[in-house]
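Novice: Got query.txt for you, compact mmCIF, C-alpha atoms:
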```txt
# COMPACT_ATOMS: atom_id res chain seq x y z
CA MET K 10 -17.70 58.81 -15.67
CA ALA K 11 -15.66 56.45 -13.47
CA ALA K 12 -14.22 59.37 -11.53
CA THR K 13 -17.70 60.79 -10.97
CA ASN K 14 -18.89 57.35 -9.81
CA LEU K 15 -15.92 57.13 -7.43
CA ASN K 16 -16.59 60.63 -6.08
CA GLU K 17 -20.21 59.76 -5.49
CA LYS K 18 -19.25 56.61 -3.61
CA LEU K 19 -16.71 58.53 -1.51
CA LYS K 20 -19.38 61.09 -0.56
CA ASN K 21 -21.53 58.21 0.77
CA VAL K 22 -18.74 56.91 3.03
CA ASP K 23 -19.38 57.67 6.66
CA GLY K 24 -16.10 57.50 8.61
CA SER K 25 -17.75 57.03 11.98
CA ASN K 26 -18.98 53.45 11.59
CA SER K 27 -17.33 50.11 10.86
CA ALA K 28 -19.22 49.76 7.60
CA SER K 29 -17.03 52.49 6.14
CA ILE K 30 -14.12 50.06 5.79
CA ASP K 31 -16.33 47.73 3.78
CA GLN K 32 -17.49 50.69 1.68
CA ILE K 33 -13.89 51.76 1.01
CA ARG K 34 -12.98 48.20 0.13
CA GLU K 35 -15.96 48.05 -2.25
CA ILE K 36 -14.89 51.33 -3.87
CA LEU K 37 -11.26 50.25 -4.31
CA PHE K 38 -11.71 46.65 -5.29
CA GLY K 39 -15.30 46.47 -6.43
CA GLN K 40 -16.29 43.15 -7.92
CA GLU K 41 -12.74 41.85 -7.88
CA ILE K 42 -12.92 41.12 -4.16
CA ASP K 43 -16.13 39.18 -4.72
CA LEU K 44 -14.47 37.17 -7.49
CA ILE K 45 -11.43 36.53 -5.32
CA THR K 46 -13.62 35.46 -2.40
CA GLU K 47 -15.60 33.19 -4.70
CA ARG K 48 -12.40 31.66 -6.09
CA ILE K 49 -11.05 31.12 -2.56
CA ASN K 50 -14.27 29.32 -1.65
CA GLU K 51 -13.99 27.17 -4.79
CA LEU K 52 -10.39 26.32 -3.90
CA LYS K 53 -11.42 25.42 -0.35
CA ALA K 54 -14.14 23.13 -1.68
CA SER K 55 -11.67 21.57 -4.10
CA LEU K 56 -9.18 21.07 -1.26
CA ASP K 57 -11.86 19.41 0.86
CA ASN K 58 -12.70 17.13 -2.06
CA MET K 59 -9.04 16.26 -2.50
CA ASN K 60 -8.72 15.50 1.23
CA VAL K 61 -11.68 13.12 0.99
CA LYS K 62 -10.11 11.40 -2.02
CA LEU K 63 -6.76 11.21 -0.23
CA ALA K 64 -8.42 9.64 2.82
CA ASP K 65 -10.14 7.10 0.54
CA LEU K 66 -6.83 6.26 -1.11
CA ALA K 67 -5.15 5.88 2.27
CA ASP K 68 -7.91 3.50 3.39
CA ARG K 69 -7.65 1.50 0.17
CA PHE K 70 -3.86 1.37 0.53
CA GLU K 71 -4.20 0.09 4.09
CA ILE K 72 -6.65 -2.61 2.99
CA ASP K 73 -4.33 -3.64 0.14
CA GLU K 74 -1.39 -3.82 2.55
CA LYS K 75 -3.35 -6.06 4.92
CA GLU K 76 -4.36 -8.31 2.02
CA LYS K 77 -0.76 -8.50 0.81
CA LYS K 78 0.48 -9.34 4.29
CA GLY K 79 -2.16 -12.06 4.56
CA GLY K 80 -1.19 -13.40 1.14
CA LEU K 81 2.48 -13.24 2.04
CA GLN K 82 1.85 -15.14 5.27
CA SER K 83 -0.12 -17.73 3.32
CA LEU K 84 2.78 -18.09 0.88
CA ARG K 85 5.22 -18.45 3.77
CA ASN K 86 3.07 -21.18 5.30
CA GLU K 87 2.83 -22.95 1.94
CA ASP K 88 6.61 -22.65 1.51
CA LYS K 89 7.16 -24.19 4.96
CA ARG K 90 4.77 -27.01 4.10
CA ILE K 91 6.52 -27.68 0.79
CA GLN K 92 9.97 -27.51 2.44
CA LYS K 93 8.84 -30.02 5.07
CA ALA K 94 7.54 -32.33 2.32
CA ILE K 95 10.87 -32.03 0.48
CA ASP K 96 12.76 -32.78 3.69
CA ASP K 97 10.55 -35.83 4.28
CA VAL K 98 11.18 -37.07 0.72
CA ASN K 99 14.93 -36.53 1.12
CA GLN K 100 14.87 -38.48 4.39
CA LYS K 101 12.99 -41.35 2.72
CA VAL K 102 15.47 -41.36 -0.19
CA GLU K 103 18.39 -41.49 2.26
CA GLU K 104 16.73 -44.35 4.11
CA LEU K 105 16.18 -46.22 0.86
CA LEU K 106 19.76 -45.65 -0.18
CA ALA K 107 20.96 -46.84 3.22
CA ASN K 108 18.81 -49.95 2.91
CA LYS K 109 20.09 -50.58 -0.60
CA VAL K 110 23.68 -50.42 0.61
CA ASP K 111 22.83 -52.88 3.36
CA ARG K 112 21.26 -55.20 0.79
CA GLN K 113 24.34 -54.98 -1.39
CA GLN K 114 26.55 -55.74 1.57
CA MET K 115 24.29 -58.64 2.51
CA SER K 116 24.37 -59.92 -1.08
CA GLN K 117 28.14 -59.72 -1.11
CA ALA K 118 28.36 -61.50 2.23
CA LEU K 119 26.01 -64.25 0.96
CA LYS K 120 28.16 -64.69 -2.16
CA VAL K 121 31.26 -65.04 -0.02
CA LEU K 122 29.44 -67.53 2.20
CA ALA K 123 28.26 -69.50 -0.85
CA ASP K 124 31.79 -69.57 -2.25
CA ASP K 125 33.09 -70.76 1.11
CA LEU K 126 30.46 -73.52 1.18
CA ASP K 127 31.34 -74.59 -2.36
CA ASN K 128 35.03 -74.65 -1.54
CA SER K 129 34.64 -76.66 1.60
```
Now, as a test, write the supplied structure out as structure tokens.

Specialist:
Amino acid sequence: MAATNLNEKLKNVDGSNSASIDQIREILFGQEIDLITERINELKASLDNMNVKLADLADRFEIDEKEKKGGLQSLRNEDKRIQKAIDDVNQKVEELLANKVDRQQMSQALKVLADDLDNS
């Protein structure tokens, strides 16, 4: 039956026009070529969908990177502010220690002076 069907299709092929190639293709491949073409179209649509998703992910990644850079800059600014505050506190502590030493020296000098006055 299939051979008869093939023979009938071959009798209908006219070799003088360009449609004959399509007819030969239809005879040889039949519905398979339609299925393959359909699958190729599905794959193309899937690829387009994936490209859209990839573009969305790239955009989201870029936004996240900008936010991270902004957050990082904010942290750097906060770190500089804290470091300056620590430096200011250290300077004040050094000043207080220097003043304390001066007070101790003054106290010692006053004691020596008081002893000298008592001994005179």

Novice: Please report the interatomic distance between CA of Gly80 (chain K) and CA of Gln100 (chain K) in Å with one decimal.

Specialist: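 Distance reported for this atom pair: 30.0 Å.
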
Novice: What separation in Å, quoted to one decimal, exists between CA of Gln92 (chain K) and CA of Lys75 (chain K)?

Specialist: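 Between CA of Gln92 (chain K) and CA of Lys75 (chain K) the gap is 25.4 Å.
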
Novice: Report, in Å with one decimal, the straight-line distance from CA of Leu44 (chain K) to CA of Ile30 (chain K).

Specialist: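 These two atoms are separated by 18.5 Å.
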
Novice: Which centre and edge lengths in Å to one decimal define the box along x, y and z that fits every listed atom of region 98-112 of chain K plus 4 Å per side, as AutoDock Vina command-line options?

Specialist:
```
--center_x 17.4 --center_y -45.9 --center_z 1.9 --size_x 20.5 --size_y 26.7 --size_z 13.0
```
